[in-house]
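Coordinates from model38.cif are shown below (mmCIF, C-alpha atoms).
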data_upload
#
loop_
_atom_site.label_atom_id
_atom_site.label_comp_id
_atom_site.auth_asym_id
_atom_site.auth_seq_id
_atom_site.Cartn_x
_atom_site.Cartn_y
_atom_site.Cartn_z
CA ASP G 1 19.11 33.16 31.48
CA LEU G 2 18.55 31.97 27.87
CA SER G 3 21.55 29.64 27.88
CA SER G 4 20.05 27.57 30.69
CA GLY G 5 16.84 27.10 28.71
CA ILE G 6 13.19 26.95 29.60
CA ASN G 7 11.50 23.62 30.27
CA ALA G 8 9.26 22.44 27.44
CA GLU G 9 5.72 21.32 28.15
CA TYR G 10 4.93 19.01 25.22
CA GLY G 11 1.37 17.95 24.47
CA GLY G 12 -0.42 21.23 25.20
CA THR G 13 -1.66 23.84 22.81
CA ARG G 14 1.29 26.12 23.52
CA CYS G 15 4.80 25.06 24.51
CA VAL G 16 8.13 26.67 25.25
CA LEU G 17 11.29 25.09 23.91
CA MET G 18 14.47 24.61 25.96
CA ILE G 19 17.56 25.54 23.95
CA PRO G 20 20.87 24.98 25.78
CA SER G 21 23.69 27.27 24.71
CA GLU G 22 25.50 24.41 22.91
CA SER G 23 22.34 23.35 21.07
CA LYS G 24 22.28 22.81 17.33
CA PHE G 25 19.49 25.07 16.15
CA SER G 26 18.59 22.71 13.29
CA LYS G 27 16.85 20.53 15.90
CA LEU G 28 13.83 22.82 16.12
CA HIS G 29 10.65 20.78 15.87
CA PRO G 30 6.98 21.23 16.79
CA PRO G 31 5.49 19.81 19.99
CA ARG G 32 4.90 16.06 20.08
CA CYS G 33 1.24 15.29 19.32
CA PRO G 34 1.01 11.49 19.40
CA ASP G 35 -2.69 11.31 20.29
CA ILE G 36 -4.30 13.59 17.72
CA THR G 37 -6.92 12.02 15.45
CA SER G 38 -7.76 15.10 13.38
CA LEU G 39 -5.67 18.03 12.27
CA ASP G 40 -5.79 20.66 15.04
CA THR G 41 -3.30 23.32 13.97
CA GLU G 42 -3.27 24.95 17.41
CA LYS G 43 -1.42 21.96 18.84
CA PHE G 44 1.67 22.77 16.77
CA THR G 45 2.29 26.16 18.41
CA LEU G 46 5.70 26.56 20.06
CA ASP G 47 7.33 29.54 21.81
CA VAL G 48 11.04 29.69 21.05
CA PRO G 49 13.44 31.79 23.18
CA CYS G 50 15.69 33.94 21.04
CA PHE G 51 18.21 36.78 21.19
CA ALA G 52 17.25 40.10 19.61
CA ALA G 53 19.18 43.30 19.00
CA GLU G 54 17.15 46.43 19.71
CA VAL G 55 18.40 49.05 17.25
CA PRO G 56 17.31 52.38 15.78
CA ALA G 57 14.95 51.69 12.87
CA LYS G 58 17.13 53.59 10.40
CA MET G 59 20.12 51.35 11.21
CA CYS G 60 18.39 47.99 10.53
CA THR G 61 19.55 47.54 6.94
CA SER G 62 23.22 48.37 7.57
CA ILE G 63 23.46 46.24 10.73
CA MET G 64 21.83 43.20 9.07
CA LYS G 65 24.18 43.56 6.11
CA ASN G 66 27.26 43.72 8.36
CA LEU G 67 26.15 40.67 10.38
CA LYS G 68 26.05 38.59 7.16
CA GLY G 69 23.18 36.48 8.38
CA THR G 70 20.98 36.96 11.40
CA CYS G 71 18.99 34.16 13.01
CA SER G 72 20.00 30.81 11.47
CA MET G 73 18.03 28.77 14.02
CA PHE G 74 14.93 29.18 11.82
CA SER G 75 16.63 28.13 8.57
CA GLU G 76 14.86 24.76 8.26
CA LEU G 77 11.35 26.10 8.70
CA GLN G 78 9.02 26.14 5.71
CA HIS G 79 7.91 29.68 6.54
CA LYS G 80 10.45 31.62 8.59
CA PRO G 81 9.29 34.23 11.12
CA LYS G 82 10.01 37.87 10.39
CA LEU G 83 13.59 38.65 11.36
CA VAL G 84 12.81 42.32 12.01
CA LEU G 85 10.04 43.02 14.53
CA PRO G 86 8.49 46.22 15.87
CA CYS G 87 9.66 47.38 19.28
CA GLU G 88 6.75 47.85 21.65
CA ASN G 89 6.18 51.48 22.69
CA GLU G 90 9.27 52.51 20.67
CA PRO G 91 8.20 53.17 17.05
CA SER G 92 11.63 54.59 16.22
CA ARG G 93 13.35 51.31 17.16
CA LYS G 94 13.26 47.74 15.82
CA LEU G 95 14.17 44.27 17.04
CA ILE G 96 16.48 42.16 14.86
CA LEU G 97 16.47 38.43 15.64
CA ILE G 98 20.08 37.24 15.96
CA ASP G 99 22.03 34.10 16.77
CA GLU G 100 23.66 33.77 20.18
CA ARG G 101 27.08 34.15 18.48
CA HIS G 102 26.10 37.66 17.43
CA ALA G 103 25.14 38.76 20.94
CA ASP G 104 28.72 39.73 21.81
CA SER G 105 29.86 40.58 18.29
CA GLU G 106 32.04 43.62 17.67
CA ILE G 107 29.59 44.81 15.02
CA LEU G 108 26.82 45.26 17.56
CA GLY G 109 29.17 46.32 20.33
CA ALA G 110 30.41 49.22 18.23
CA HIS G 111 27.02 50.91 18.52
CA ASN G 112 26.15 52.63 21.80
CA ASN G 113 22.46 52.66 21.01
CA VAL G 114 22.11 48.90 20.46
CA THR G 115 20.68 46.74 23.24
CA ILE G 116 20.68 42.93 23.35
CA ARG G 117 17.43 41.47 24.62
CA GLN G 118 15.90 38.04 25.18
CA ILE G 119 12.49 37.57 23.61
CA THR G 120 10.11 34.74 22.76
CA VAL G 121 9.18 34.04 19.13
CA PRO G 122 5.94 32.10 18.58
CA LEU G 123 6.06 29.43 15.88
CA THR G 124 2.74 28.12 14.54
CA TYR G 125 1.56 25.34 12.27
CA ARG G 126 2.24 27.60 9.28
CA ASN G 127 5.97 27.78 10.08
CA TRP G 128 6.64 24.04 10.11
CA SER G 129 7.33 21.94 7.04
CA ALA G 130 5.10 18.97 6.21
CA SER G 131 7.75 16.47 7.33
CA GLN G 132 8.22 18.32 10.66
CA VAL G 133 4.48 18.22 11.35
CA ILE G 134 4.16 14.57 10.33
CA ARG G 135 7.11 13.60 12.52
CA SER G 136 5.35 15.18 15.51
CA PHE G 137 2.40 12.76 15.46
CA LEU G 138 4.14 9.59 14.28
CA PRO G 139 5.34 7.26 17.09
CA ASP G 140 8.91 7.61 18.31
CA THR G 141 9.46 3.98 17.27
CA ILE G 142 9.25 5.02 13.62
CA ASP G 143 12.68 5.89 12.27
CA ASP G 144 13.27 9.38 10.84
CA THR G 145 13.99 7.81 7.43
CA ASP G 146 10.37 6.58 7.36
CA VAL G 147 8.88 10.03 7.92
CA ILE G 148 7.25 11.29 4.72
CA SER G 149 9.77 13.86 3.51
CA GLY G 150 9.40 13.48 -0.26
CA PHE G 151 6.82 12.21 -2.72
CA GLU G 152 6.06 12.19 -6.42
CA ILE G 153 4.06 15.09 -7.79
CA VAL G 154 2.16 14.62 -11.04
CA GLY G 155 0.38 17.82 -11.95
CA HIS G 156 -2.05 18.52 -9.10
CA ILE G 157 -1.62 15.02 -7.59
CA ALA G 158 0.76 13.97 -4.81
CA HIS G 159 1.52 10.25 -4.98
CA LEU G 160 2.59 8.53 -1.74
CA ASN G 161 3.72 4.97 -1.16
CA LEU G 162 2.89 4.53 2.53
CA LYS G 163 4.00 1.57 4.60
CA GLU G 164 1.90 -0.55 6.92
CA PHE G 165 2.85 1.40 10.05
CA HIS G 166 1.61 4.63 8.42
CA GLU G 167 -1.92 3.20 8.11
CA PRO G 168 -3.43 4.75 11.32
CA TYR G 169 -2.10 8.17 10.35
CA LYS G 170 -2.68 8.19 6.58
CA ALA G 171 -5.60 10.65 6.63
CA LEU G 172 -3.60 13.11 8.75
CA ILE G 173 -0.56 12.67 6.50
CA GLY G 174 -2.66 13.39 3.43
CA GLN G 175 -4.23 16.49 4.95
CA VAL G 176 -0.87 17.93 6.04
CA ILE G 177 0.66 17.41 2.59
CA LEU G 178 -2.36 19.05 0.98
CA ASP G 179 -2.19 22.01 3.40
CA LYS G 180 1.52 22.55 2.92
CA ASN G 181 1.49 22.44 -0.90
CA PRO G 182 -1.04 24.96 -2.28
CA SER G 183 -0.61 23.75 -5.88
CA LEU G 184 -1.87 20.27 -4.97
CA LYS G 185 -5.54 19.27 -5.11
CA THR G 186 -5.32 15.51 -4.55
CA VAL G 187 -3.18 13.23 -2.37
CA VAL G 188 -3.23 9.51 -3.21
CA ASN G 189 -1.63 6.41 -1.75
CA LYS G 190 -0.52 3.40 -3.75
CA LEU G 191 -2.43 0.26 -2.67
CA SER G 192 -0.90 -2.47 -4.82
CA THR G 193 1.95 -3.39 -7.08
CA ILE G 194 1.79 -2.34 -10.72
CA HIS G 195 -0.94 -4.12 -12.70
CA SER G 196 1.01 -6.80 -14.57
CA LYS G 197 -0.87 -6.38 -17.87
CA TYR G 198 -1.65 -2.69 -18.18
CA ARG G 199 0.98 -1.17 -15.84
CA PHE G 200 -1.09 0.87 -13.41
CA PHE G 201 -1.79 0.40 -9.71
CA ASP G 202 -4.80 0.71 -7.44
CA MET G 203 -4.83 3.82 -5.28
CA GLU G 204 -6.86 5.52 -2.58
CA VAL G 205 -7.50 9.22 -2.06
CA LEU G 206 -6.11 10.40 1.28
CA ALA G 207 -7.10 14.05 0.96
CA GLY G 208 -8.60 16.46 -1.54
CA GLU G 209 -10.53 15.87 -4.75
CA GLU G 210 -11.06 12.50 -6.38
CA ASN G 211 -9.75 13.83 -9.68
CA PHE G 212 -7.10 11.74 -11.41
CA GLU G 213 -6.95 13.54 -14.75
CA THR G 214 -3.90 15.73 -14.71
CA THR G 215 -1.01 17.03 -16.79
CA ALA G 216 2.71 16.67 -16.12
CA ILE G 217 5.41 18.71 -17.81
CA GLU G 218 8.70 17.03 -18.69
CA HIS G 219 11.45 18.54 -20.85
CA LYS G 220 9.10 21.24 -22.18
CA LEU G 221 6.47 18.70 -23.28
CA ARG G 222 3.02 18.24 -21.71
CA PHE G 223 1.76 14.79 -20.82
CA SER G 224 -1.95 14.55 -20.03
CA MET G 225 -3.25 11.38 -18.39
CA ASP G 226 -5.66 9.70 -16.06
CA PHE G 227 -3.12 8.88 -13.36
CA SER G 228 -5.28 6.03 -12.03
CA LYS G 229 -5.30 4.16 -15.37
CA VAL G 230 -1.83 4.61 -16.91
CA TYR G 231 1.79 4.32 -15.85
CA TRP G 232 3.74 7.50 -15.17
CA ASN G 233 6.84 8.04 -13.05
CA SER G 234 8.23 11.56 -12.73
CA LYS G 235 11.43 10.13 -11.21
CA LEU G 236 12.40 8.79 -14.64
CA GLY G 237 12.64 12.20 -16.30
CA THR G 238 16.45 12.16 -16.31
CA GLU G 239 16.48 8.66 -17.83
CA HIS G 240 14.03 9.69 -20.55
CA ARG G 241 16.33 12.56 -21.50
CA ARG G 242 19.45 10.36 -21.42
CA VAL G 243 18.01 7.86 -23.91
CA VAL G 244 16.60 10.57 -26.18
CA ASP G 245 20.05 12.16 -26.29
CA CYS G 246 21.62 8.76 -27.17
CA ILE G 247 19.50 8.32 -30.30
CA PRO G 248 20.51 10.35 -33.39
CA THR G 249 18.03 12.57 -35.18
CA GLY G 250 16.46 10.78 -38.12
CA SER G 251 16.63 7.32 -36.54
CA ILE G 252 13.76 4.85 -36.92
CA VAL G 253 12.68 3.95 -33.38
CA LEU G 254 10.24 1.32 -32.10
CA ASP G 255 8.97 1.98 -28.57
CA MET G 256 7.47 -1.38 -27.55
CA PHE G 257 5.91 -0.34 -24.23
CA CYS G 258 5.56 3.40 -24.73
CA GLY G 259 2.94 4.32 -22.10
CA ILE G 260 1.71 7.84 -22.75
CA GLY G 261 4.88 8.79 -24.63
CA PRO G 262 7.77 9.95 -22.36
CA PHE G 263 10.33 8.49 -24.81
CA ALA G 264 8.27 8.61 -28.00
CA LEU G 265 7.22 12.26 -27.96
CA PRO G 266 10.63 13.89 -27.37
CA LEU G 267 12.20 11.54 -29.95
CA ALA G 268 9.57 12.50 -32.52
CA LYS G 269 9.99 16.15 -31.58
CA LYS G 270 13.73 15.98 -32.34
CA GLY G 271 13.08 14.51 -35.76
CA CYS G 272 13.19 10.73 -35.33
CA ARG G 273 10.64 8.47 -37.03
CA VAL G 274 8.90 6.89 -34.07
CA HIS G 275 6.53 3.92 -33.94
CA ALA G 276 5.00 3.93 -30.45
CA ASN G 277 3.02 1.01 -29.02
CA ASP G 278 1.26 0.16 -25.77
CA LEU G 279 -1.11 -2.67 -24.88
CA ASN G 280 -3.12 -0.58 -22.41
CA PRO G 281 -6.07 1.05 -24.26
CA GLU G 282 -6.00 3.97 -21.81
CA SER G 283 -2.31 4.61 -22.47
CA TYR G 284 -2.99 4.51 -26.21
CA LYS G 285 -5.86 6.99 -25.82
CA TRP G 286 -3.73 9.45 -23.87
CA LEU G 287 -0.74 8.92 -26.19
CA LEU G 288 -2.87 10.10 -29.12
CA LYS G 289 -4.03 13.11 -27.08
CA ASN G 290 -0.45 13.99 -26.14
CA VAL G 291 0.70 13.78 -29.77
CA SER G 292 -1.98 16.34 -30.59
CA LEU G 293 -1.37 18.40 -27.43
CA ASN G 294 2.32 18.83 -28.28
CA ARG G 295 1.73 19.31 -32.02
CA ILE G 296 3.96 16.41 -33.04
CA PRO G 297 3.99 16.14 -36.85
CA SER G 298 2.16 13.01 -38.02
CA GLN G 299 5.06 12.08 -40.30
CA HIS G 300 7.26 11.67 -37.20
CA ILE G 301 5.08 9.33 -35.12
CA THR G 302 2.65 6.46 -35.58
CA CYS G 303 0.76 5.01 -32.60
CA TYR G 304 -0.27 1.40 -32.03
CA ASN G 305 -2.36 -0.49 -29.45
CA CYS G 306 -1.30 -4.14 -29.49
CA ASP G 307 0.90 -6.79 -27.87
CA GLY G 308 4.61 -5.91 -27.86
CA ARG G 309 5.75 -9.04 -29.72
CA GLU G 310 3.00 -8.66 -32.29
CA PHE G 311 3.97 -5.02 -32.78
CA VAL G 312 7.62 -5.82 -33.57
CA ARG G 313 7.03 -8.96 -35.63
CA ASN G 314 4.46 -7.26 -37.85
CA PHE G 315 6.59 -4.18 -38.44
CA ALA G 316 7.60 -4.22 -42.11
CA GLY G 317 10.21 -1.49 -42.37
CA PRO G 318 13.82 -1.04 -41.25
CA ILE G 319 14.59 -0.46 -37.55
CA ASP G 320 17.47 1.43 -35.92
CA HIS G 321 16.54 1.40 -32.23
CA VAL G 322 14.08 -0.43 -30.00
CA ILE G 323 13.11 0.81 -26.52
CA MET G 324 11.78 -1.82 -24.10
CA ASN G 325 10.70 0.00 -20.95
CA LEU G 326 8.97 -2.81 -19.08
CA PRO G 327 11.56 -3.68 -16.42
CA ALA G 328 9.49 -6.40 -14.74
CA SER G 329 9.47 -8.55 -17.90
CA ALA G 330 11.15 -6.79 -20.85
CA THR G 331 13.98 -9.33 -21.15
CA HIS G 332 11.37 -12.07 -21.77
CA PHE G 333 10.40 -10.26 -24.98
CA LEU G 334 13.93 -10.38 -26.43
CA ASP G 335 13.05 -13.58 -28.27
CA VAL G 336 11.15 -11.37 -30.72
CA PHE G 337 14.49 -10.55 -32.40
CA ARG G 338 15.33 -14.15 -33.29
CA GLY G 339 14.64 -14.52 -36.98
CA LEU G 340 13.08 -11.06 -37.25
CA TYR G 341 14.77 -10.62 -40.66
CA SER G 342 14.18 -14.20 -41.76
CA GLY G 343 12.50 -14.23 -45.16
CA SER G 344 12.49 -10.43 -45.25
CA ASP G 345 14.23 -8.00 -47.59
CA VAL G 346 15.09 -5.88 -44.59
CA GLY G 347 17.84 -8.33 -43.57
CA LYS G 348 19.63 -7.84 -46.84
CA GLU G 349 20.59 -4.35 -45.75
CA HIS G 350 22.78 -5.83 -42.96
CA ARG G 351 21.04 -3.35 -40.66
CA THR G 352 21.59 -4.12 -37.00
CA ILE G 353 19.29 -2.94 -34.20
CA ARG G 354 20.33 -1.07 -31.06
CA VAL G 355 18.22 -1.99 -28.02
CA PHE G 356 17.49 -0.23 -24.72
CA CYS G 357 16.08 -3.00 -22.52
CA TYR G 358 15.03 -2.24 -18.92
CA HIS G 359 15.31 -4.76 -16.11
CA PHE G 360 14.97 -5.12 -12.34
CA ALA G 361 18.25 -6.49 -10.97
CA PRO G 362 19.51 -7.35 -7.47
CA THR G 363 21.77 -4.76 -5.84
CA GLU G 364 24.60 -7.28 -5.76
CA ALA G 365 26.24 -7.21 -9.21
CA PRO G 366 23.29 -5.59 -11.05
CA GLU G 367 25.27 -5.18 -14.27
CA SER G 368 26.27 -8.83 -14.64
CA SER G 369 22.81 -10.13 -13.64
CA THR G 370 21.18 -7.83 -16.20
CA LEU G 371 23.43 -9.04 -19.02
CA ALA G 372 22.87 -12.65 -17.93
CA ALA G 373 19.10 -12.13 -18.29
CA VAL G 374 19.64 -10.68 -21.77
CA ARG G 375 21.89 -13.59 -22.87
CA GLU G 376 19.47 -16.19 -21.52
CA VAL G 377 16.64 -15.08 -23.82
CA LEU G 378 18.63 -13.70 -26.75
CA GLY G 379 20.53 -16.96 -27.02
CA CYS G 380 23.97 -15.44 -27.53
CA GLU G 381 26.30 -12.66 -26.45
CA PRO G 382 24.90 -9.20 -27.29
CA GLU G 383 27.26 -6.89 -29.15
CA ASN G 384 28.63 -3.60 -27.79
CA ALA G 385 26.78 -4.21 -24.53
CA SER G 386 26.72 -1.97 -21.48
CA VAL G 387 24.45 -1.55 -18.47
CA HIS G 388 23.28 1.77 -17.09
CA LEU G 389 22.09 1.92 -13.46
CA VAL G 390 18.89 3.98 -13.57
CA ARG G 391 17.66 4.12 -9.96
CA LYS G 392 17.11 2.03 -6.88
CA THR G 393 13.46 1.05 -6.69
CA ALA G 394 13.78 -0.88 -3.41
CA PRO G 395 16.58 -1.51 -0.88
CA LYS G 396 17.64 -4.64 -2.76
CA THR G 397 16.59 -3.78 -6.31
CA TRP G 398 18.08 -1.67 -9.10
CA MET G 399 16.26 -0.60 -12.22
CA THR G 400 18.84 -1.05 -14.98
CA CYS G 401 19.01 -0.43 -18.71
CA ALA G 402 20.90 -2.92 -20.90
CA GLN G 403 22.11 -1.22 -24.07
CA PHE G 404 23.33 -3.50 -26.84
CA THR G 405 23.28 -4.30 -30.53
CA VAL G 406 21.40 -7.39 -31.65
CA PRO G 407 23.83 -9.51 -33.72
CA ILE G 408 22.80 -9.76 -37.38
CA GLU G 409 23.01 -13.55 -37.05
CA VAL G 410 20.23 -13.44 -34.45
CA LEU G 411 18.04 -11.25 -36.65
CA ARG G 412 18.50 -13.73 -39.51
CA ASP G 413 18.39 -16.72 -37.13
CA GLU G 414 21.55 -18.13 -38.68
CA SER G 415 22.89 -20.97 -36.56
CA VAL G 416 22.93 -19.09 -33.27
CA SER G 417 23.23 -21.43 -30.32
CA LYS G 418 20.24 -21.19 -28.00
CA LYS G 419 22.42 -22.24 -25.11
CA THR G 420 23.38 -19.30 -22.91
CA LYS G 421 27.02 -18.53 -22.72
CA VAL G 422 28.54 -18.68 -19.23
CA ASP G 423 30.87 -15.97 -17.96
CA SER G 424 34.42 -17.16 -17.49
#

Would you mind giving the structure from this file in structure tokens?
Amino acid sequence: DLSSGINAEYGGTRCVLMIPSESKFSKLHPPRCPDITSLDTEKFTLDVPCFAAEVPAKMCTSIMKNLKGTCSMFSELQHKPKLVLPCENEPSRKLILIDERHADSEILGAHNNVTIRQITVPLTYRNWSASQVIRSFLPDTIDDTDVISGFEIVGHIAHLNLKEFHEPYKALIGQVILDKNPSLKTVVNKLSTIHSKYRFFDMEVLAGEENFETTAIEHKLRFSMDFSKVYWNSKLGTEHRRVVDCIPTGSIVLDMFCGIGPFALPLAKKGCRVHANDLNPESYKWLLKNVSLNRIPSQHITCYNCDGREFVRNFAGPIDHVIMNLPASATHFLDVFRGLYSGSDVGKEHRTIRVFCYHFAPTEAPESSTLAAVREVLGCEPENASVHLVRKTAPKTWMTCAQFTVPIEVLRDESVSKKTKVDS
């Protein structure tokens, strides 16, 4: 009887799963393989008991349509088994895999030539998702939330950020991810925090080619890079678009820490006059390539390779917006605005500057702590200030964006108290 189940024999090359009648079918998973040291796909084979309706072949389409869904127990598999199977020794009949709830349905009962059978459906390595396979060889002590279920993809590269307890299994994890994603050629693991000066991190290849040159596509623009030498984060695509949409066409924009151009290129493409700077020579090299790759008109963008403070202080023309995407230390650069217009004709225009300054803030009161960091360095209260929560980068850390106008008094350095104001 199917409802009583069949005992599973985990650890062998072929197993049979026990499914009680009250089971939630979403709990399907491959056999536990805690001792494997190399990827043996045969160990992930599982025989699953299932109901099937034996029907005349010519009735398959109409019956499946009337059932409005057949075998939902396989819904979470990466590759689902065929729901219509041949009937042995009966070429004029087919087997339709069905849920237990359909076994006594009126739709099937209305047909005299329909028979309900119990069959076994073999599931193989191909059927399981990467996370299901990885879960099967990780220790039970590892929580489900720490199973690799998602990762950043940059062109042909999958970027993982494994934890210490993943270390013994990292080669297997890399191979499974490579197998399950045909478009990928390289799987890498982050080894260190972001390089403080040039904003890239050390990495190791877990599986595939040692080829870090790739191209990402974001908002219809192509960004080529050497992923091992520049900073790129595909998770920030929505934030890039948000800021680009905030800045009016025709604005003069300084991008202090531009990387390979995720803000600069779309802003230039929409018709802003962009001055894009990055200290990392590799970022500068790829920025120039991406300007050419996306056919950005030269009158819309100028690229620089220098220190952020030097870049802003030496800029001679008017400024509408400044983007400071260096959340680990961007607020420390806000002192560049003090006296920026001092002794300059630019200040006579009474032109204020709108700033987008990124920051890492604690999860408790991230908005107020972000503004406090801005006030501490700016030396006064920013005007028209708000804080946008971008994304959580760690359990206790938010990446935030402080948006504010630099007071004209700060730009002229006119008697602005350097003492930080305290919230009431």

Reference answer for the PyMOL selection byres ((chain G and resi 163) around 12), as a short mmCIF file (atom, residue, chain, number, x, y, z; two decimals) with C-alpha atoms, in the coordinates of the input:
data_model
loop_
_atom_site.label_atom_id
_atom_site.label_comp_id
_atom_site.auth_asym_id
_atom_site.auth_seq_id
_atom_site.Cartn_x
_atom_site.Cartn_y
_atom_site.Cartn_z
CA ILE G 142 9.25 5.02 13.62
CA ASP G 146 10.37 6.58 7.36
CA VAL G 147 8.88 10.03 7.92
CA ILE G 148 7.25 11.29 4.72
CA LEU G 160 2.59 8.53 -1.74
CA ASN G 161 3.72 4.97 -1.16
CA LEU G 162 2.89 4.53 2.53
CA GLU G 164 1.90 -0.55 6.92
CA PHE G 165 2.85 1.40 10.05
CA HIS G 166 1.61 4.63 8.42
CA GLU G 167 -1.92 3.20 8.11
CA PRO G 168 -3.43 4.75 11.32
CA TYR G 169 -2.10 8.17 10.35
CA LYS G 170 -2.68 8.19 6.58
CA ASN G 189 -1.63 6.41 -1.75
CA LYS G 190 -0.52 3.40 -3.75
CA LEU G 191 -2.43 0.26 -2.67
CA SER G 192 -0.90 -2.47 -4.82
#

Test item: the PyMOL selection byres ((chain G and resi 125) around 9) resolved as a PyMOL selection string | chain G and resi 30+41-46+123-124+126-129+133

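As for CA of Asp278 (chain G) and CA of Leu378 (chain G), they are spaced 22.2 Å apart.
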
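Here the PyMOL selection byres ((chain G and resi 362) around 6) matches the residues Ala361, Thr363, Glu364, Pro366, Lys396 and Thr397 of chain G.
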
List the neighbours of Phe315 (chain G) out to 12 Å using only C-alpha atoms; skip same-chain residues closer than 6 positions along the sequence, and give me the result as a list of chain:residue names.
->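 What passes the distance filter is G:Ile252, G:Val253, G:Leu254, G:Asp255, G:Met256, G:His275, G:Ala276, G:Asn277, G:Thr302, G:Tyr304, G:Cys306, G:Gly308, G:Arg309, G:Val322, G:Val336, G:Phe337, G:Leu340, G:Tyr341, G:Ser344, G:Val346.
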
All residues 8 Å or closer to region 175-186 of chain G, all atoms listed in the file, same chain fewer than 5 positions away omitted, as a PyMOL selection string | chain G and resi 39+129-130+133-134+155-158+205-211

Write out as an MDAnalysis selection string the residues lying within 10 Å of region 224-236 of chain G, counting all atoms listed in the file and excluding same-chain residues fewer than 3 positions away.
-> chainID G and resid 151:155 157 159 188 190 194:195 198:204 211:218 221 239:242 258:262 280:287 289:290 293 390:391

Separation of CA of Pro297 (chain G) from CA of Phe333 (chain G) in Å = 29.6 Å

Selection: 10 Å around region 55-60 of chain G, only C-alpha atoms, excl. self and same-chain fewer than 5 positions, as a list of chain:residue names |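 Once the adjacent positions are removed, what remains is G:Lys65, G:Val84, G:Pro86, G:Cys87, G:Glu90, G:Pro91, G:Ser92, G:Arg93, G:Lys94, G:Leu95, G:Ile96, G:Leu108, G:His111, G:Asn112, G:Asn113, G:Val114, G:Thr115, G:Ile116.
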
Can those selected residues be exported to a file as a PDB file, in the frame of the given file so that it contains C-alpha atoms?
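And here is the file that came out, result01.pdb:
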ATOM      1  CA  LYS G  65      24.180  43.560   6.110  1.00  0.00           C
ATOM      2  CA  VAL G  84      12.810  42.320  12.010  1.00  0.00           C
ATOM      3  CA  PRO G  86       8.490  46.220  15.870  1.00  0.00           C
ATOM      4  CA  CYS G  87       9.660  47.380  19.280  1.00  0.00           C
ATOM      5  CA  GLU G  90       9.270  52.510  20.670  1.00  0.00           C
ATOM      6  CA  PRO G  91       8.200  53.170  17.050  1.00  0.00           C
ATOM      7  CA  SER G  92      11.630  54.590  16.220  1.00  0.00           C
ATOM      8  CA  ARG G  93      13.350  51.310  17.160  1.00  0.00           C
ATOM      9  CA  LYS G  94      13.260  47.740  15.820  1.00  0.00           C
ATOM     10  CA  LEU G  95      14.170  44.270  17.040  1.00  0.00           C
ATOM     11  CA  ILE G  96      16.480  42.160  14.860  1.00  0.00           C
ATOM     12  CA  LEU G 108      26.820  45.260  17.560  1.00  0.00           C
ATOM     13  CA  HIS G 111      27.020  50.910  18.520  1.00  0.00           C
ATOM     14  CA  ASN G 112      26.150  52.630  21.800  1.00  0.00           C
ATOM     15  CA  ASN G 113      22.460  52.660  21.010  1.00  0.00           C
ATOM     16  CA  VAL G 114      22.110  48.900  20.460  1.00  0.00           C
ATOM     17  CA  THR G 115      20.680  46.740  23.240  1.00  0.00           C
ATOM     18  CA  ILE G 116      20.680  42.930  23.350  1.00  0.00           C
TER      19      ILE G 116
END

Nearest to Ala52 (chain G): which of G:Val187, G:Ile36, G:Ala385, G:Ile119 is it, counting only C-alpha atoms?
-> G:Ile119

Between CA of Asp320 (chain G) and CA of Val355 (chain G) lies a distance of 8.6 Å

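Minimum distance to Thr145 (chain G) across G:Met73, G:Thr249, G:Cys50, G:Ser131 (counting all atoms listed in the file) occurs at G:Ser131.
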
Closest to Gln132 (chain G) among G:Cys33, G:Ile323, G:Val387, G:Leu85, using only C-alpha atoms?
-> G:Cys33

G:Ala171, G:Ala268, G:Ala394, G:Val243: which is nearest Phe356 (chain G), counting all atoms listed in the file?
-> G:Val243

Give me, as a CSV table (one decimal) with C-alpha atoms, keeping the file's coordinate frame, all polymer residues having an atom no more than 10 Å from Glu367 (chain G), counting only C-alpha atoms and skipping those fewer than 5 positions away in the same chain.
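Once everything was written out, this is part.csv:
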chain,number,residue,atom,x,y,z
G,361,ALA,CA,18.2,-6.5,-11.0
G,362,PRO,CA,19.5,-7.4,-7.5
G,372,ALA,CA,22.9,-12.6,-17.9
G,386,SER,CA,26.7,-2.0,-21.5
G,387,VAL,CA,24.4,-1.6,-18.5
G,388,HIS,CA,23.3,1.8,-17.1
G,389,LEU,CA,22.1,1.9,-13.5
G,398,TRP,CA,18.1,-1.7,-9.1
G,400,THR,CA,18.8,-1.0,-15.0
G,401,CYS,CA,19.0,-0.4,-18.7
G,402,ALA,CA,20.9,-2.9,-20.9

For Arg222 (chain G), the nearest of the candidates G:Pro139, G:Pro395, G:Pro266, G:Gly174, counting all atoms listed in the file |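 For Arg222 (chain G), the nearest of the candidates is G:Pro266.
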